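S.K.: Following this line is entry_7.csv, made up of CSV, N, CA and C atoms:
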```csv
chain,number,residue,atom,x,y,z
C,1,MET,N,-40.6,16.0,17.2
C,1,MET,CA,-39.5,16.4,16.4
C,1,MET,C,-38.1,15.8,16.9
C,2,LYS,N,-38.0,15.9,18.3
C,2,LYS,CA,-36.7,15.4,18.8
C,2,LYS,C,-36.6,13.9,18.6
C,3,ARG,N,-37.7,13.2,18.6
C,3,ARG,CA,-37.7,11.7,18.4
C,3,ARG,C,-37.3,11.4,17.0
C,4,HIS,N,-37.7,12.2,16.0
C,4,HIS,CA,-37.3,12.0,14.6
C,4,HIS,C,-35.8,12.2,14.4
C,5,ILE,N,-35.3,13.3,15.0
C,5,ILE,CA,-33.9,13.5,14.9
C,5,ILE,C,-33.1,12.4,15.6
C,6,TRP,N,-33.6,11.9,16.7
C,6,TRP,CA,-32.9,10.8,17.4
C,6,TRP,C,-32.9,9.6,16.5
C,7,LEU,N,-34.0,9.2,15.9
C,7,LEU,CA,-34.1,8.1,15.1
C,7,LEU,C,-33.2,8.2,13.8
C,8,LEU,N,-33.2,9.4,13.3
C,8,LEU,CA,-32.3,9.6,12.1
C,8,LEU,C,-30.8,9.4,12.5
C,9,GLY,N,-30.4,10.0,13.7
C,9,GLY,CA,-29.1,9.8,14.1
C,9,GLY,C,-28.8,8.3,14.4
C,10,LEU,N,-29.7,7.6,14.9
C,10,LEU,CA,-29.5,6.1,15.2
C,10,LEU,C,-29.4,5.4,13.8
C,11,ALA,N,-30.2,5.7,12.8
C,11,ALA,CA,-30.1,5.1,11.5
C,11,ALA,C,-28.7,5.4,10.9
C,12,VAL,N,-28.3,6.6,11.0
C,12,VAL,CA,-27.0,6.9,10.4
C,12,VAL,C,-25.9,6.2,11.1
C,13,ALA,N,-25.9,6.1,12.4
C,13,ALA,CA,-24.9,5.3,13.2
C,13,ALA,C,-24.9,3.9,12.8
C,14,ILE,N,-26.0,3.3,12.7
C,14,ILE,CA,-26.1,1.9,12.3
C,14,ILE,C,-25.6,1.7,10.9
C,15,GLY,N,-25.9,2.6,10.0
C,15,GLY,CA,-25.4,2.5,8.6
C,15,GLY,C,-23.9,2.6,8.6
C,16,MET,N,-23.3,3.5,9.4
C,16,MET,CA,-21.9,3.6,9.4
C,16,MET,C,-21.2,2.3,9.9
C,17,LEU,N,-21.8,1.8,11.0
C,17,LEU,CA,-21.3,0.5,11.5
C,17,LEU,C,-21.3,-0.6,10.6
C,18,THR,N,-22.4,-0.8,9.9
C,18,THR,CA,-22.6,-1.9,9.0
C,18,THR,C,-21.7,-1.7,7.7
C,19,SER,N,-21.5,-0.5,7.3
C,19,SER,CA,-20.5,-0.3,6.1
C,19,SER,C,-19.1,-0.5,6.6
C,20,THR,N,-18.8,-0.2,7.8
C,20,THR,CA,-17.4,-0.3,8.3
C,20,THR,C,-17.1,-1.8,8.4
C,21,TYR,N,-18.0,-2.6,8.8
C,21,TYR,CA,-17.8,-4.1,9.0
C,21,TYR,C,-18.3,-4.9,7.8
C,22,ALA,N,-18.5,-4.3,6.7
C,22,ALA,CA,-19.0,-5.1,5.5
C,22,ALA,C,-17.9,-6.1,5.1
C,23,ASP,N,-18.3,-7.3,4.7
C,23,ASP,CA,-17.4,-8.3,4.3
C,23,ASP,C,-16.9,-8.0,2.9
C,24,PRO,N,-15.6,-7.8,2.7
C,24,PRO,CA,-15.1,-7.4,1.3
C,24,PRO,C,-14.9,-8.7,0.4
C,25,ARG,N,-15.4,-9.8,0.9
C,25,ARG,CA,-15.1,-11.0,0.1
C,25,ARG,C,-16.0,-11.1,-1.2
C,26,VAL,N,-15.4,-11.7,-2.2
C,26,VAL,CA,-16.1,-11.9,-3.4
C,26,VAL,C,-16.3,-13.4,-3.6
C,27,ASN,N,-17.5,-13.9,-3.7
C,27,ASN,CA,-17.7,-15.4,-3.8
C,27,ASN,C,-17.1,-16.1,-2.7
C,28,GLY,N,-17.2,-15.6,-1.5
C,28,GLY,CA,-16.7,-16.2,-0.3
C,28,GLY,C,-15.2,-16.2,-0.1
C,29,GLN,N,-14.4,-15.5,-1.0
C,29,GLN,CA,-13.0,-15.5,-0.9
C,29,GLN,C,-12.5,-14.0,-0.7
C,30,ALA,N,-11.5,-13.9,0.2
C,30,ALA,CA,-10.9,-12.6,0.4
C,30,ALA,C,-10.3,-12.0,-0.9
C,31,PRO,N,-10.4,-10.7,-1.1
C,31,PRO,CA,-9.8,-10.2,-2.4
C,31,PRO,C,-8.3,-10.3,-2.3
C,32,ASP,N,-7.7,-10.5,-3.5
C,32,ASP,CA,-6.2,-10.6,-3.6
C,32,ASP,C,-5.7,-9.2,-3.7
C,33,THR,N,-4.7,-8.8,-2.8
C,33,THR,CA,-4.2,-7.5,-2.8
C,33,THR,C,-2.7,-7.5,-3.2
C,34,THR,N,-2.3,-8.5,-3.9
C,34,THR,CA,-0.9,-8.6,-4.4
C,34,THR,C,-0.6,-7.5,-5.4
C,35,VAL,N,0.5,-6.7,-5.1
C,35,VAL,CA,0.9,-5.7,-6.1
C,35,VAL,C,1.7,-6.3,-7.2
C,36,THR,N,1.4,-6.0,-8.4
C,36,THR,CA,2.0,-6.6,-9.6
C,36,THR,C,2.6,-5.5,-10.4
C,37,THR,N,3.7,-5.7,-11.1
C,37,THR,CA,4.3,-4.8,-12.1
C,37,THR,C,4.2,-5.4,-13.5
C,38,LEU,N,3.6,-4.6,-14.4
C,38,LEU,CA,3.5,-5.1,-15.8
C,38,LEU,C,4.1,-4.1,-16.7
C,39,LYS,N,4.6,-4.5,-17.9
C,39,LYS,CA,5.0,-3.6,-18.9
C,39,LYS,C,4.1,-3.8,-20.1
C,40,GLY,N,3.9,-2.6,-20.8
C,40,GLY,CA,3.0,-2.6,-21.9
C,40,GLY,C,2.7,-1.2,-22.4
C,41,GLU,N,1.4,-1.0,-22.8
C,41,GLU,CA,1.0,0.3,-23.4
C,41,GLU,C,-0.4,0.7,-22.9
C,42,VAL,N,-0.5,2.0,-22.5
C,42,VAL,CA,-1.8,2.6,-22.2
C,42,VAL,C,-2.5,2.9,-23.5
C,43,VAL,N,-3.8,2.5,-23.5
C,43,VAL,CA,-4.7,2.8,-24.6
C,43,VAL,C,-6.0,3.4,-24.2
C,44,ASP,N,-6.7,4.0,-25.1
C,44,ASP,CA,-8.1,4.4,-24.8
C,44,ASP,C,-8.9,3.2,-25.4
C,45,MET,N,-9.8,2.7,-24.5
C,45,MET,CA,-10.5,1.5,-24.9
C,45,MET,C,-11.5,1.7,-26.0
C,46,HIS,N,-12.0,2.9,-26.3
C,46,HIS,CA,-12.9,3.1,-27.4
C,46,HIS,C,-12.2,2.7,-28.7
C,47,CYS,N,-11.1,3.4,-29.0
C,47,CYS,CA,-10.4,3.2,-30.2
C,47,CYS,C,-9.8,1.8,-30.3
C,48,PHE,N,-9.3,1.3,-29.1
C,48,PHE,CA,-8.6,0.0,-29.1
C,48,PHE,C,-9.6,-1.1,-29.5
C,49,VAL,N,-10.8,-1.0,-29.0
C,49,VAL,CA,-11.8,-2.1,-29.3
C,49,VAL,C,-12.5,-1.9,-30.6
C,50,THR,N,-12.8,-0.6,-31.0
C,50,THR,CA,-13.6,-0.4,-32.2
C,50,THR,C,-12.8,-0.3,-33.5
C,51,ARG,N,-11.5,-0.1,-33.5
C,51,ARG,CA,-10.7,0.0,-34.7
C,51,ARG,C,-10.1,-1.3,-35.0
C,52,HIS,N,-10.1,-1.7,-36.3
C,52,HIS,CA,-9.6,-3.0,-36.7
C,52,HIS,C,-8.2,-2.9,-37.2
C,53,GLY,N,-7.5,-4.0,-37.1
C,53,GLY,CA,-6.1,-4.0,-37.6
C,53,GLY,C,-5.1,-3.4,-36.7
C,54,GLY,N,-5.4,-3.2,-35.4
C,54,GLY,CA,-4.4,-2.6,-34.5
C,54,GLY,C,-4.3,-1.1,-34.6
C,55,GLU,N,-5.2,-0.4,-35.3
C,55,GLU,CA,-5.1,1.0,-35.5
C,55,GLU,C,-5.4,1.8,-34.3
C,56,GLY,N,-5.9,1.2,-33.2
C,56,GLY,CA,-6.2,1.8,-32.0
C,56,GLY,C,-5.1,1.8,-30.9
C,57,ARG,N,-3.9,1.6,-31.4
C,57,ARG,CA,-2.8,1.6,-30.4
C,57,ARG,C,-1.5,2.0,-31.1
C,58,GLY,N,-0.4,2.1,-30.4
C,58,GLY,CA,0.9,2.4,-30.9
C,58,GLY,C,1.2,3.9,-31.1
C,59,ALA,N,2.4,4.2,-31.5
C,59,ALA,CA,2.9,5.6,-31.6
C,59,ALA,C,2.0,6.4,-32.6
C,60,ALA,N,1.6,5.7,-33.7
C,60,ALA,CA,0.8,6.4,-34.7
C,60,ALA,C,-0.6,6.9,-34.1
C,61,HIS,N,-1.1,6.2,-33.1
C,61,HIS,CA,-2.4,6.5,-32.5
C,61,HIS,C,-2.2,7.3,-31.2
C,62,ALA,N,-1.0,7.6,-30.8
C,62,ALA,CA,-0.8,8.2,-29.4
C,62,ALA,C,-1.6,9.6,-29.3
C,63,GLY,N,-1.6,10.4,-30.3
C,63,GLY,CA,-2.2,11.7,-30.2
C,63,GLY,C,-3.7,11.6,-29.9
C,64,CYS,N,-4.3,10.7,-30.7
C,64,CYS,CA,-5.8,10.5,-30.6
C,64,CYS,C,-6.1,9.8,-29.2
C,65,ALA,N,-5.3,8.8,-28.9
C,65,ALA,CA,-5.5,8.2,-27.6
C,65,ALA,C,-5.4,9.1,-26.4
C,66,ASN,N,-4.4,9.9,-26.4
C,66,ASN,CA,-4.2,10.9,-25.3
C,66,ASN,C,-5.3,11.9,-25.3
C,67,ALA,N,-5.8,12.3,-26.4
C,67,ALA,CA,-6.9,13.3,-26.4
C,67,ALA,C,-8.2,12.6,-25.9
C,68,CYS,N,-8.4,11.4,-26.3
C,68,CYS,CA,-9.6,10.6,-25.7
C,68,CYS,C,-9.5,10.5,-24.2
C,69,LEU,N,-8.3,10.1,-23.7
C,69,LEU,CA,-8.1,9.9,-22.3
C,69,LEU,C,-8.3,11.2,-21.5
C,70,VAL,N,-7.9,12.3,-22.0
C,70,VAL,CA,-8.2,13.6,-21.4
C,70,VAL,C,-9.7,13.8,-21.2
C,71,ARG,N,-10.5,13.3,-22.2
C,71,ARG,CA,-11.9,13.5,-22.2
C,71,ARG,C,-12.6,12.4,-21.4
C,72,ASN,N,-11.8,11.6,-20.6
C,72,ASN,CA,-12.4,10.6,-19.7
C,72,ASN,C,-12.9,9.4,-20.5
C,73,VAL,N,-12.4,9.1,-21.7
C,73,VAL,CA,-12.7,7.9,-22.4
C,73,VAL,C,-12.1,6.8,-21.5
C,74,THR,N,-12.7,5.6,-21.4
C,74,THR,CA,-12.2,4.6,-20.6
C,74,THR,C,-10.7,4.2,-20.9
C,75,ALA,N,-9.9,4.2,-19.9
C,75,ALA,CA,-8.5,3.9,-20.0
C,75,ALA,C,-8.3,2.4,-19.9
C,76,GLY,N,-7.3,1.9,-20.8
C,76,GLY,CA,-7.0,0.5,-20.7
C,76,GLY,C,-5.5,0.3,-20.8
C,77,PHE,N,-5.1,-0.9,-20.6
C,77,PHE,CA,-3.6,-1.2,-20.7
C,77,PHE,C,-3.5,-2.6,-21.4
C,78,VAL,N,-2.6,-2.6,-22.4
C,78,VAL,CA,-2.3,-3.8,-23.1
C,78,VAL,C,-0.9,-4.2,-22.6
C,79,ALA,N,-0.9,-5.3,-21.9
C,79,ALA,CA,0.4,-5.8,-21.3
C,79,ALA,C,1.2,-6.5,-22.4
C,80,SER,N,2.5,-6.7,-22.1
C,80,SER,CA,3.4,-7.3,-23.1
C,80,SER,C,3.0,-8.7,-23.6
C,81,ASP,N,2.2,-9.3,-22.8
C,81,ASP,CA,1.7,-10.7,-23.2
C,81,ASP,C,0.3,-10.6,-23.9
C,82,ASN,N,-0.1,-9.3,-24.3
C,82,ASN,CA,-1.3,-9.0,-25.0
C,82,ASN,C,-2.6,-9.2,-24.2
C,83,LYS,N,-2.5,-9.3,-22.9
C,83,LYS,CA,-3.7,-9.3,-22.0
C,83,LYS,C,-4.1,-7.9,-21.9
C,84,VAL,N,-5.4,-7.6,-21.9
C,84,VAL,CA,-6.0,-6.3,-21.8
C,84,VAL,C,-6.6,-6.1,-20.5
C,85,TYR,N,-6.3,-4.9,-19.9
C,85,TYR,CA,-6.9,-4.6,-18.6
C,85,TYR,C,-7.5,-3.2,-18.6
C,86,LEU,N,-8.6,-3.0,-17.9
C,86,LEU,CA,-9.1,-1.7,-17.7
C,86,LEU,C,-8.3,-1.0,-16.6
C,87,LEU,N,-8.1,0.3,-16.6
C,87,LEU,CA,-7.3,0.9,-15.6
C,87,LEU,C,-8.2,1.7,-14.7
C,88,PHE,N,-8.1,1.4,-13.4
C,88,PHE,CA,-8.8,2.1,-12.3
C,88,PHE,C,-7.9,2.7,-11.3
C,89,ASP,N,-8.3,3.8,-10.8
C,89,ASP,CA,-7.5,4.4,-9.7
C,89,ASP,C,-7.7,3.5,-8.4
C,90,GLU,N,-6.9,3.6,-7.4
C,90,GLU,CA,-7.1,2.9,-6.2
C,90,GLU,C,-8.4,3.3,-5.5
C,91,ARG,N,-8.8,4.6,-5.7
C,91,ARG,CA,-10.0,5.1,-5.2
C,91,ARG,C,-10.9,5.4,-6.4
C,92,PRO,N,-12.2,5.6,-6.2
C,92,PRO,CA,-13.1,5.8,-7.3
C,92,PRO,C,-13.0,7.2,-8.0
C,93,PHE,N,-11.8,7.5,-8.6
C,93,PHE,CA,-11.5,8.7,-9.3
C,93,PHE,C,-11.0,8.3,-10.7
C,94,PRO,N,-11.0,9.2,-11.7
C,94,PRO,CA,-10.5,8.9,-13.0
C,94,PRO,C,-8.9,8.8,-12.9
C,95,VAL,N,-8.4,8.0,-13.8
C,95,VAL,CA,-6.9,7.8,-13.8
C,95,VAL,C,-6.2,8.7,-14.7
C,96,LYS,N,-7.0,9.6,-15.4
C,96,LYS,CA,-6.4,10.5,-16.4
C,96,LYS,C,-5.2,11.3,-16.0
C,97,ASP,N,-5.1,11.7,-14.8
C,97,ASP,CA,-4.0,12.5,-14.3
C,97,ASP,C,-2.7,11.6,-14.2
C,98,LYS,N,-2.9,10.4,-13.8
C,98,LYS,CA,-1.8,9.5,-13.7
C,98,LYS,C,-1.2,9.0,-15.0
C,99,ILE,N,-2.1,9.0,-16.0
C,99,ILE,CA,-1.6,8.4,-17.3
C,99,ILE,C,-1.5,9.5,-18.4
C,100,ALA,N,-1.6,10.8,-18.0
C,100,ALA,CA,-1.6,11.9,-19.0
C,100,ALA,C,-0.4,11.8,-19.9
C,101,GLY,N,-0.6,11.8,-21.2
C,101,GLY,CA,0.5,11.8,-22.2
C,101,GLY,C,1.3,10.5,-22.4
C,102,LEU,N,0.8,9.5,-21.7
C,102,LEU,CA,1.6,8.2,-21.8
C,102,LEU,C,1.0,7.2,-22.8
C,103,ALA,N,-0.1,7.5,-23.4
C,103,ALA,CA,-0.7,6.5,-24.4
C,103,ALA,C,0.3,6.4,-25.6
C,104,GLY,N,0.4,5.2,-26.1
C,104,GLY,CA,1.3,4.9,-27.3
C,104,GLY,C,2.7,4.8,-27.0
C,105,LYS,N,3.1,4.9,-25.7
C,105,LYS,CA,4.5,4.8,-25.3
C,105,LYS,C,4.6,3.5,-24.4
C,106,PRO,N,5.8,2.9,-24.5
C,106,PRO,CA,6.0,1.8,-23.5
C,106,PRO,C,6.1,2.3,-22.1
C,107,VAL,N,5.3,1.6,-21.2
C,107,VAL,CA,5.3,2.0,-19.8
C,107,VAL,C,5.3,0.8,-18.9
C,108,SER,N,5.6,1.1,-17.7
C,108,SER,CA,5.6,0.0,-16.6
C,108,SER,C,4.6,0.5,-15.6
C,109,ILE,N,3.7,-0.4,-15.2
C,109,ILE,CA,2.7,0.0,-14.2
C,109,ILE,C,2.8,-1.0,-13.0
C,110,THR,N,2.4,-0.4,-11.9
C,110,THR,CA,2.2,-1.3,-10.7
C,110,THR,C,0.8,-1.1,-10.2
C,111,GLY,N,0.3,-2.2,-9.7
C,111,GLY,CA,-1.1,-2.1,-9.1
C,111,GLY,C,-1.6,-3.5,-8.7
C,112,VAL,N,-2.8,-3.5,-8.3
C,112,VAL,CA,-3.4,-4.8,-7.9
C,112,VAL,C,-4.4,-5.2,-9.0
C,113,VAL,N,-4.1,-6.4,-9.6
C,113,VAL,CA,-5.0,-7.0,-10.6
C,113,VAL,C,-6.3,-7.5,-10.0
C,114,VAL,N,-7.4,-7.1,-10.6
C,114,VAL,CA,-8.7,-7.5,-10.2
C,114,VAL,C,-9.4,-8.1,-11.4
C,115,GLU,N,-10.3,-9.0,-11.1
C,115,GLU,CA,-11.1,-9.6,-12.2
C,115,GLU,C,-12.5,-10.0,-11.6
C,116,ARG,N,-13.5,-9.8,-12.5
C,116,ARG,CA,-14.8,-10.2,-12.1
C,116,ARG,C,-15.6,-10.5,-13.4
C,117,ASP,N,-16.2,-11.7,-13.5
C,117,ASP,CA,-17.0,-12.1,-14.6
C,117,ASP,C,-16.2,-12.0,-15.9
C,118,GLY,N,-14.9,-12.3,-16.0
C,118,GLY,CA,-14.2,-12.2,-17.2
C,118,GLY,C,-13.6,-10.9,-17.5
C,119,VAL,N,-13.9,-9.8,-16.7
C,119,VAL,CA,-13.3,-8.5,-17.0
C,119,VAL,C,-12.1,-8.3,-16.1
C,120,ARG,N,-11.0,-8.0,-16.7
C,120,ARG,CA,-9.8,-7.7,-15.9
C,120,ARG,C,-9.5,-6.2,-15.8
C,121,GLY,N,-9.0,-5.9,-14.6
C,121,GLY,CA,-8.7,-4.5,-14.4
C,121,GLY,C,-7.4,-4.4,-13.5
C,122,ILE,N,-6.9,-3.2,-13.4
C,122,ILE,CA,-5.8,-3.0,-12.5
C,122,ILE,C,-6.1,-1.7,-11.6
C,123,LEU,N,-6.0,-1.9,-10.3
C,123,LEU,CA,-6.1,-0.7,-9.4
C,123,LEU,C,-4.7,-0.1,-9.4
C,124,LEU,N,-4.6,1.0,-10.2
C,124,LEU,CA,-3.3,1.6,-10.5
C,124,LEU,C,-2.7,2.3,-9.4
C,125,LYS,N,-1.5,1.9,-9.0
C,125,LYS,CA,-0.7,2.6,-8.0
C,125,LYS,C,0.3,3.6,-8.7
C,126,THR,N,1.1,3.1,-9.6
C,126,THR,CA,2.1,4.0,-10.3
C,126,THR,C,2.2,3.6,-11.8
C,127,VAL,N,2.6,4.5,-12.6
C,127,VAL,CA,2.9,4.3,-14.0
C,127,VAL,C,4.1,5.2,-14.4
C,128,SER,N,5.0,4.6,-15.2
C,128,SER,CA,6.2,5.3,-15.6
C,128,SER,C,6.6,4.9,-17.0
C,129,PRO,N,7.1,5.8,-17.8
C,129,PRO,CA,7.6,5.4,-19.1
C,129,PRO,C,8.8,4.5,-19.0
C,130,THR,N,9.0,3.6,-19.9
C,130,THR,CA,10.1,2.7,-20.0
C,130,THR,C,10.8,2.9,-21.4
C,131,GLU,N,12.0,2.4,-21.5
C,131,GLU,CA,12.7,2.4,-22.8
C,131,GLU,C,12.7,1.0,-23.4
```
The structure given in the file should be rewritten as C-alpha cells.

M.R.:
Amino acid sequence: MKRHIWLLGLAVAIGMLTSTYADPRVNGQAPDTTVTTLKGEVVDMHCFVTRHGGEGRGAAHAGCANACLVRNVTAGFVASDNKVYLLFDERPFPVKDKIAGLAGKPVSITGVVVERDGVRGILLKTVSPTE
C-alpha cells in the first residue's frame, strides 16, 4: 500500500513539473502577448452570425444580445474595421460579468489578440463604454 501511495505521489510530482515547463509555443513560435486597444461593439455570436441583414447587432438588438450573453451565449466583438473576434477572459472563465449590459453600445476593449486556424479572439483585459 505504501508503495502505491509513493508511486502516485511521484506521478503527481512529475505531472506538475512537466505542466510547469510545457512549451507555450504554437507552430514553433512564442505566443504574441502584445496588449491592443480596439473600438467597436460587443455582440452575441449566435444572433450576429445567424441573422441576415445586420439584424444581430446595433442598438435595436441590444436587449436580445444582452439577454443572450447573460445566458452564456458565445460573446463576440465587431471592431470598427468590421473584423470579428471571439471574446475570452484571460483565464478560462466566462466574460459575461465583464461585458454585462454593453452589447449594442460603442465600447473600447483592451486585450491580447489571438488567432488559430483562421479564428480570431481577444483575451479580454478591460472593456468600457465610449461615446

S.K.: Find the spatial neighbours of region 116-123 of chain C, counting only C-alpha atoms, within a cut-off of 6 Å - ignore same-chain residues fewer than 5 positions away - and output them as number ranges by chain.

M.R.: C: 85-90, 111

S.K.: As JSON, numbers by chain, please: the residues near region 58-68 of chain C (cut-off 6 Å, all atoms listed in the file, same-chain neighbours under 4 positions excluded).

M.R.: {"C": [43, 44, 72, 73, 101, 103, 104, 105]}

S.K.: Just checking: using only C-alpha atoms, which residue out of C:Phe93, C:Ala100, C:Val114, C:Leu69 ends up closest to Val127 (chain C)?

M.R.: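 That would be C:Ala100, the residue with the smallest distance to Val127 (chain C).
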
S.K.: Using only N, CA and C atoms and a cutoff of 7 Å, can you tell me which residues are near (-0.2, 1.5, -21.9) in the file's coordinates, and write them out as a list in words?

M.R.: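 Residues found, by chain and rising number: Gly40, Glu41, Val42, Val43, Gly76, Phe77, Val78, Ala79, Leu102, Ala103, Gly104, Lys105, Pro106 and Val107 of chain C.
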
S.K.: Quick one: everything within 7 Å of His46 (chain C), counting only N, CA and C atoms, minus sequence neighbours fewer than 5 positions away in the same chain. Send it as a VMD selection string.

M.R.: chain C and resid 51 56 73 to 75

S.K.: Report as a PyMOL selection string: the residues of region 53-116 of chain C with a DSSP assignment of strand (DSSP E), based on the backbone of this structure.

M.R.: chain C and resi 75-79+84-89+106-116

S.K.: Just list as a PyMOL selection string whatever in region 21-107 of chain C DSSP marks as helix (DSSP H, G or I).

M.R.: chain C and resi 45-50+59-70+96-99

S.K.: Using CA of Ser108 (chain C) and CA of Asn82 (chain C) as the two end points, give the distance in Å to one decimal.

M.R.: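 Value for the CA of Ser108 (chain C)-CA of Asn82 (chain C) distance: 14.1 Å.
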
S.K.: Rounded to one decimal place, report the CA of Val49 (chain C)-CA of Val84 (chain C) distance in Å.

M.R.: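 Interatomic distance, CA of Val49 (chain C) to CA of Val84 (chain C): 10.4 Å.
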
S.K.: May I have the residues at most 5 Å from (5.6, -8.1, -19.2) in the file's coordinates, counting all atoms listed in the file, as a compact mmCIF listing (two decimals) with N, CA and C atoms, keeping the file's coordinate frame?

M.R.:
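Okay, out.txt is ready:
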```txt
# COMPACT_ATOMS: atom_id res chain seq x y z
N LEU C 38 3.60 -4.60 -14.40
CA LEU C 38 3.50 -5.10 -15.80
C LEU C 38 4.10 -4.10 -16.70
N LYS C 39 4.60 -4.50 -17.90
CA LYS C 39 5.00 -3.60 -18.90
C LYS C 39 4.10 -3.80 -20.10
N SER C 80 2.50 -6.70 -22.10
CA SER C 80 3.40 -7.30 -23.10
C SER C 80 3.00 -8.70 -23.60
```
